[in-house]
Amino acid sequence: MSADFVLYCILNTAVVVLISPLFVSLVKKVKAWTQGRQGPSVFQTYYTLAKLLRKETIYSPHASWVSRVAPVACMAAILTASLFVPLVWVTEPYGGIGNIILFLYLLVVARFFMALLGLDAGSAFGGMGSSREMSVSAVIEPTTIVVFAALAFVFKTLNIFDMMAAAVSAGTLKTPILILLAISLFIILIVETSRIPVDNPETHLELTMIHEGMILEQSGKNLALMELSAAIKQTLLMALLINLIVPWGIATTLSAAAILAALVIFLVKGCVLSLVIGTFESSMAKMRFFRLPGLFMMAFFFSTLIVIIEVFA
Amino acid sequence: MTDPAFFDGVIKILFVCVLITAAYIITTKNLISLVRVYSLQSLVLVAIATALFWREGAAVLAGIAVVTLVTKVIVIPYFIAAVQEKIRIKRDIEFHYLSPTSSLFISIALMLVIYIALSNVLAGTPAKGSLFFFGAVIGLSLVLMGMMVTFSRKKAITKVLGYLSMENGVLLFGLFATELPFIIEFLIVIDLIILVILTTILTIGIDSTLEEYHNRLHRFYLWEEQEEAP
Amino acid sequence: MIELLFFLILALFTLGTVVPLAGAKGDRRSIRVFSLACTGAASALLAAFALLVIIPGTTFALPLWQPFPGISLDLYVDRLGAFFLLLIGTVAACTAVYSSGYTEHMEGGNRRNILCGGTALFVLAMTLVVASHNTFSFLFFWELMAAVSFILVMYEYRDPGTTKAGIYYFVMTQLSTLFVMLGVIALFVLTGSFAMAPLAITPASAPLATAAFLALFFGFAIKAGIIPFHKWLFFAHPASPSPVSALMSGVMLKVAVYGLLRFILDVFSPDLWWGVLILVFGIASAVLGVIYAFKDHDIKGLLAYSSIENVGIIFTGIGLFVIFSCEGLTLLATISLLAALFHSLNHALFKSLLFLTAGSVVHATGTRDIEKMGGLAKNMPYTSVLFFTGAIAIAALPPLNGFASELLLYIAFFHSVTVVDPLLKVLLFICLALFALTSALSAACFVKAFSSVFLAQPRSDAATGAHEVSRSMLAGPAVLAAACVLLGVFACQIFIAAGYVIPFPDLLLVSILLLFMAGLTYLVLYFTASREARISETWGCGTKSQSAITEYTGHGFSEPIVTIFASVYRTKKSSTKTYSDKYNCLFGGGTAEIRLVAFFEEYIYRPIGTAAMKGATIVARMQNGCLDTYLLYVFIAVIGVIVFLGVMA
């Protein structure tokens, strides 16, 4: 393992952990604005996490070893996945880090543990959340894979590092089809981060919640871990979208100036995307759960069409 | 900005947009957005015709773009929207034979079948494999998807939109596959027919299913032969 | 030296078979332990033998017995065979260790001796099938394997469910043998010998060669449980004792896979459409298998359906291999074949692990219904960890072995854009999407299985009183679990050592990173976060304490998927309502029913069964038991022969 790569790991992890809560609060802020409220501060998520760390942890008497292990396992999987998506600096990939399928499955690891966590305490809410989460993720999975396969097809590689490097060196969009793929990626982003119309991240009503239901039993540092890992996951998917579709500004060489500039540019692009997500969420209504497969079918149809057009024409 | 590869890319995106609108027309239950989507679909066709005009420079293409813009993007949707305001029906939730999901699958299958059929028909000609060939495939698929709407939906207004969408498919096919002057005449004829049908339906009532519509025709003595039957 | 080892293995297996059968009269523990020890030792030696063949890449031939010229029972082991022998040996050794504890808790008195002896013979038969050198001995041992496994399935023969399972299994397995025999006969007609040698296909012989392939394919597909020939699996696996289910699901299905691979690789030169056929059957089995597994609430039934899914995945790999080799894409073909082989091994490991731990759970609670379990993680912590390992392996989570083999398939699929034919490309894309669906559903399925069995509160008295199983019943599965982890983590290194240079990510690095990140998280929390912890009641909307009634059950968990895939399950919902008032406002009473139609049973198996019965009735009419009628038949037959010989020839 080269020194460059170790440096990359440290840098990327630090950036993603520090930035992620910002985007979460920003989306909340945008939603508040559209509802005519002032909303919480954009640093609110940082304050919340800091507060959660100071609180005691409560376990259910029915909980088994899963409740003790799962939050850390979930965080570890997400942090490992975060190494697969360069945020500000693209270096040479090492040992298969950056493989797009492995990235996807690391997210599945986190989801697997989270679903078990939801069921562990024996609460009906947690079970409902887990059941819905696993169902939704199963139904969206074909779309995700087809989109990722299309990305691999367009960039002629399976590695996210190489994809981003190709996107940067091409300067402009590699093919116009990427615009369509961006829409698909956006849908995946919405589904995977449990946002309207799939899930409502703000309620704790049993009728609407998926993700919030699963972590209802968590408290203290465990809740902080779950919140932070959800935030990091969102940032990763956002970065995938941003750095592949509008790649300008990513550092390809190791110099403090380039990386700082890339960081600023990434922050700006991320804020813009957060604005878009917030606006999108505000303009939608939560869908009834069993209407979701219809939505996913549309997304699948759309992605398959892209592939067919790319293959045939 | 006259790079052919760029235009090809743009046209590909527009193809996807056309098919998406067609898929939306097949699956949606909301009548108001149905009309909007139809007009959007026509707009995409206008864009395709314009892009082709830019690339090829044939004046006919510009003509088609203008005619389509006027009739299908503005006039017809305006008519239907006006009628909709009167009849106060917002949703068409009945499906015949096909569920929305299965019709999506069938339309993908249809595209593949048409692709195979057309590539057999055009085997050996230079057209095979080019963008023009693919445009023809999309056009025909659009026709068939429109046809699916006409038989899988119950409300008369949805059937009309399915028919209009079919006609868009004919236009697309014409843009890419056949001789243009002929197709324009053909289009105008079809447009006239549509207008006639539309006006008839508009006057008698668009909110009904076709059976009810027949009954109304009977009541107004516009449909005689059934009356004579015992 | 190596011959001696092999003879030793055969002798030990025979000893393990003969001793308990000879002593079948007495219900003595020592006999069973001796038999299982023989089986275990022989299996372990078998695994070692296989490694001795695989690592240098040598071959091993051993003529056994030649009753007639041209017909012989010959043994021959090359790298492919040795790979499957390794699989058989590993799983059988662990199962034998497990069985030594398991059989002692079983009912059935001295029938348990037969179980132990049968197990040894069953493993021996499978070994010999894989080691067969020609199609004749292949068929011979294949039938032996089928017969012995039938006896093992019928262990609880007094139970009507087992009888049904046994009959289903018997019919299907004989059908499988019939097809394989037809294929072997067709090959014999083509080549005039029983050797497994490459077939020279001329235009004239092509139809017969195709027919031979189809017959063999259907024969192996029935045995492997490919949908729509899968029904026996779902009956036979839950009905048989858990070690037997583990062997059947983990190993016997792989023997069918071995058969298919052997004939495709060594005998035929496949066409493209053969590959498409295998691929389509494979992917359909994968998707439908996991969808059916999801709704099953019998823990062994769930595992049986999941076996169908995994065999489907293996067949997908084989199909891809055929397609890519026809297209001339050597690297992709190698990756696909490797995926199929590696998944065979992995599935053998984690599925037998799951069946064995499921057997422990069934033993502890006395039921197979997961709705009556729950909360076992506290009573059976070791079993829960072992089952958990199997669950994450089968759900294809990195860095375990299930993921490694599925990743190989994904890599093959993702590169399928290099295939020229656009239609084939689209087919592969669609299969890719379905494969992704399978993978995601199997994760959901095993969240359900694990959580319903081990998490939350016990839902029955039996589950409340469950206790951890004995050490031997933990040791066998523990070895399998360790193998699952090691094969996953070191997948990349194993491929390199085996001489396959493929673009495969280094899972060892990923595992180290995962551990590092977990350690980092733990350390950061340890130093920054509050260390106070408290036990307090689960939030239940203000109720003072939760009871098991309110928690989510397996049925509840699978409800969304059952509703979404209602058209696959053929769910039929019906309800009748009566109202107490004339405006239909006050609900008086009524009935509601949700029925899951067993599609294949009702629409395929039963019509065929009914038709067979009708045919049998017609034939039975000819058998009237009257001597004169039979004499008449003989008379007609003699006339027929005379006419045929004299007039036609």
# chains A, B, ... in the order shown; residues from 1 in each chain; ligands from 1
$ closest_atom_pairs --of "chain C" --to "chain B" --cutoff "12 Å" --atoms "only C-alpha atoms" --output "Markdown table"
| residue | atom | partner | partner_atom | distance |
| --- | --- | --- | --- | --- |
| C:Asp421 | CA | B:Ile116 | CA | 11.5 |
| C:Pro422 | CA | B:Leu112 | CA | 10.0 |
| C:Leu423 | CA | B:Leu112 | CA | 7.8 |
| C:Leu424 | CA | B:Leu112 | CA | 11.1 |
| C:Lys425 | CA | B:Leu112 | CA | 11.6 |
| C:Val426 | CA | B:Leu112 | CA | 8.8 |
| C:Leu427 | CA | B:Leu112 | CA | 10.2 |
| C:Ile430 | CA | B:Ile108 | CA | 10.8 |
| C:Ile564 | CA | B:Thr101 | CA | 11.2 |
| C:Phe565 | CA | B:Thr101 | CA | 11.6 |
| C:Ser567 | CA | B:Ser102 | CA | 10.5 |
$ write_last_selection --atoms "C-alpha atoms" --output "PDB file, in the first residue's frame"
ATOM      1  CA  ASP C 421     -24.994  -9.530 -30.385  1.00  0.00           C
ATOM      2  CA  PRO C 422     -27.213  -6.709 -29.035  1.00  0.00           C
ATOM      3  CA  LEU C 423     -30.103  -9.046 -28.249  1.00  0.00           C
ATOM      4  CA  LEU C 424     -27.865 -11.261 -26.170  1.00  0.00           C
ATOM      5  CA  LYS C 425     -26.636  -8.136 -24.433  1.00  0.00           C
ATOM      6  CA  VAL C 426     -30.163  -7.150 -23.477  1.00  0.00           C
ATOM      7  CA  LEU C 427     -30.893 -10.674 -22.278  1.00  0.00           C
ATOM      8  CA  ILE C 430     -32.248  -8.473 -17.813  1.00  0.00           C
ATOM      9  CA  ILE C 564     -45.737  -6.807  -3.919  1.00  0.00           C
ATOM     10  CA  PHE C 565     -45.130 -10.169  -5.564  1.00  0.00           C
ATOM     11  CA  SER C 567     -48.855 -12.188  -8.884  1.00  0.00           C
TER      12      SER C 567
END
$ interface_residues --of "chain A" --to "chain B" --cutoff "8 Å" --atoms "only C-alpha atoms" --output "list in words"
Thr175, Pro176, Ile177, Leu180, Gly294, Met297, Met298, Phe301, Phe302, Leu305, Ile306, Ile309, Phe312 and Ala313 of chain A
$ closest_residue --among "C:Leu409, C:Cys94, C:Leu260, C:Leu627" --to "chain A" --atoms "only C-alpha atoms"
C:Leu409
$ closest_atom_pairs --of "chain C" --to "chain A" --cutoff "7 Å" --atoms "only C-alpha atoms" --output "CSV"
residue,atom,partner,partner_atom,distance
C:Ala377,CA,A:Ser64,CA,6.2
C:Lys378,CA,A:Ser64,CA,6.2
C:Leu397,CA,A:Val109,CA,5.8
C:Pro398,CA,A:Leu106,CA,6.7
C:Phe414,CA,A:Ala149,CA,5.8
C:Val417,CA,A:Phe153,CA,6.9
C:Pro422,CA,A:Phe312,CA,6.3
C:Val426,CA,A:Ile308,CA,6.9
C:Ala433,CA,A:Pro142,CA,4.4
C:Leu434,CA,A:Pro142,CA,6.5
C:Ala436,CA,A:Pro142,CA,5.3
C:Leu437,CA,A:Pro142,CA,5.4
C:Ala440,CA,A:Ala138,CA,4.8
C:Leu441,CA,A:Ala138,CA,5.4
C:Ala444,CA,A:Met134,CA,5.3
C:Val447,CA,A:Leu116,CA,6.4
C:Ser451,CA,A:Leu116,CA,6.4
C:Leu455,CA,A:Asp120,CA,5.1
C:Ala456,CA,A:Gly122,CA,4.3
C:Gln457,CA,A:His62,CA,6.0
C:Phe504,CA,A:Gly96,CA,6.7
C:Pro505,CA,A:Gly96,CA,3.8
C:Asp506,CA,A:Gly95,CA,5.3
C:Leu513,CA,A:Thr80,CA,6.4
C:Leu514,CA,A:Ala76,CA,5.7
C:Met517,CA,A:Ala76,CA,4.9
C:Ala518,CA,A:Ala76,CA,4.7
C:Thr521,CA,A:Val72,CA,6.6
C:Tyr522,CA,A:Val72,CA,6.9
C:Ala529,CA,A:Leu53,CA,4.6
C:Ser530,CA,A:Arg54,CA,5.0
C:Arg531,CA,A:Glu56,CA,6.8
C:Glu532,CA,A:Glu56,CA,4.8
C:Ala533,CA,A:Thr57,CA,4.6
C:Arg534,CA,A:Ile58,CA,4.8
C:Ile535,CA,A:Tyr59,CA,4.8
C:Ser536,CA,A:Ser60,CA,5.3
C:Glu537,CA,A:Ser60,CA,5.3
C:Thr538,CA,A:Ser60,CA,5.2
C:Trp539,CA,A:Ser123,CA,7.0
C:Gly540,CA,A:Ser123,CA,6.8
C:Thr550,CA,A:Ala124,CA,6.0
C:Glu551,CA,A:Ala124,CA,4.8
C:Tyr552,CA,A:Gly127,CA,5.1
C:Phe557,CA,A:Ser131,CA,4.9
C:Ser558,CA,A:Ser131,CA,6.9
C:Pro560,CA,A:Ser135,CA,6.4
C:Ile561,CA,A:Ser135,CA,5.9
$ select_by_dssp --residues "segment 481-561 of chain C" --states "alpha helix (DSSP H)" --output "PyMOL selection string"
chain C and resi 481-489+491-497+507-528+554-561
$ residues_around --residues "segment 102-110 of chain C" --least-positions-apart "5" --cutoff "7 Å" --atoms "only C-alpha atoms" --output "JSON, numbers by chain"
{"C": [24, 25, 26, 27, 473]}
$ atom_distance --atom1 "atom CA of Glu601 of chain C" --atom2 "atom CA of His297 of chain C"
18.3 Å
$ select_by_dssp --residues "segment 74-311 of chain A" --states "strand (DSSP E or B)" --output "JSON list (two decimals) with C-alpha atoms, in the first residue's frame"
[["chain", "number", "residue", "atom", "x", "y", "z"],
["A", 89, "TRP", "CA", -8.98, 13.77, -4.38],
["A", 99, "ASN", "CA", -15.08, -1.60, -6.94],
["A", 159, "ASN", "CA", -13.83, 1.03, -10.42],
["A", 251, "ALA", "CA", -7.95, 17.23, -7.28]]
$ atom_distance --atom1 "atom CA of Val280 of chain C" --atom2 "atom CA of Val257 of chain C"
15.8 Å
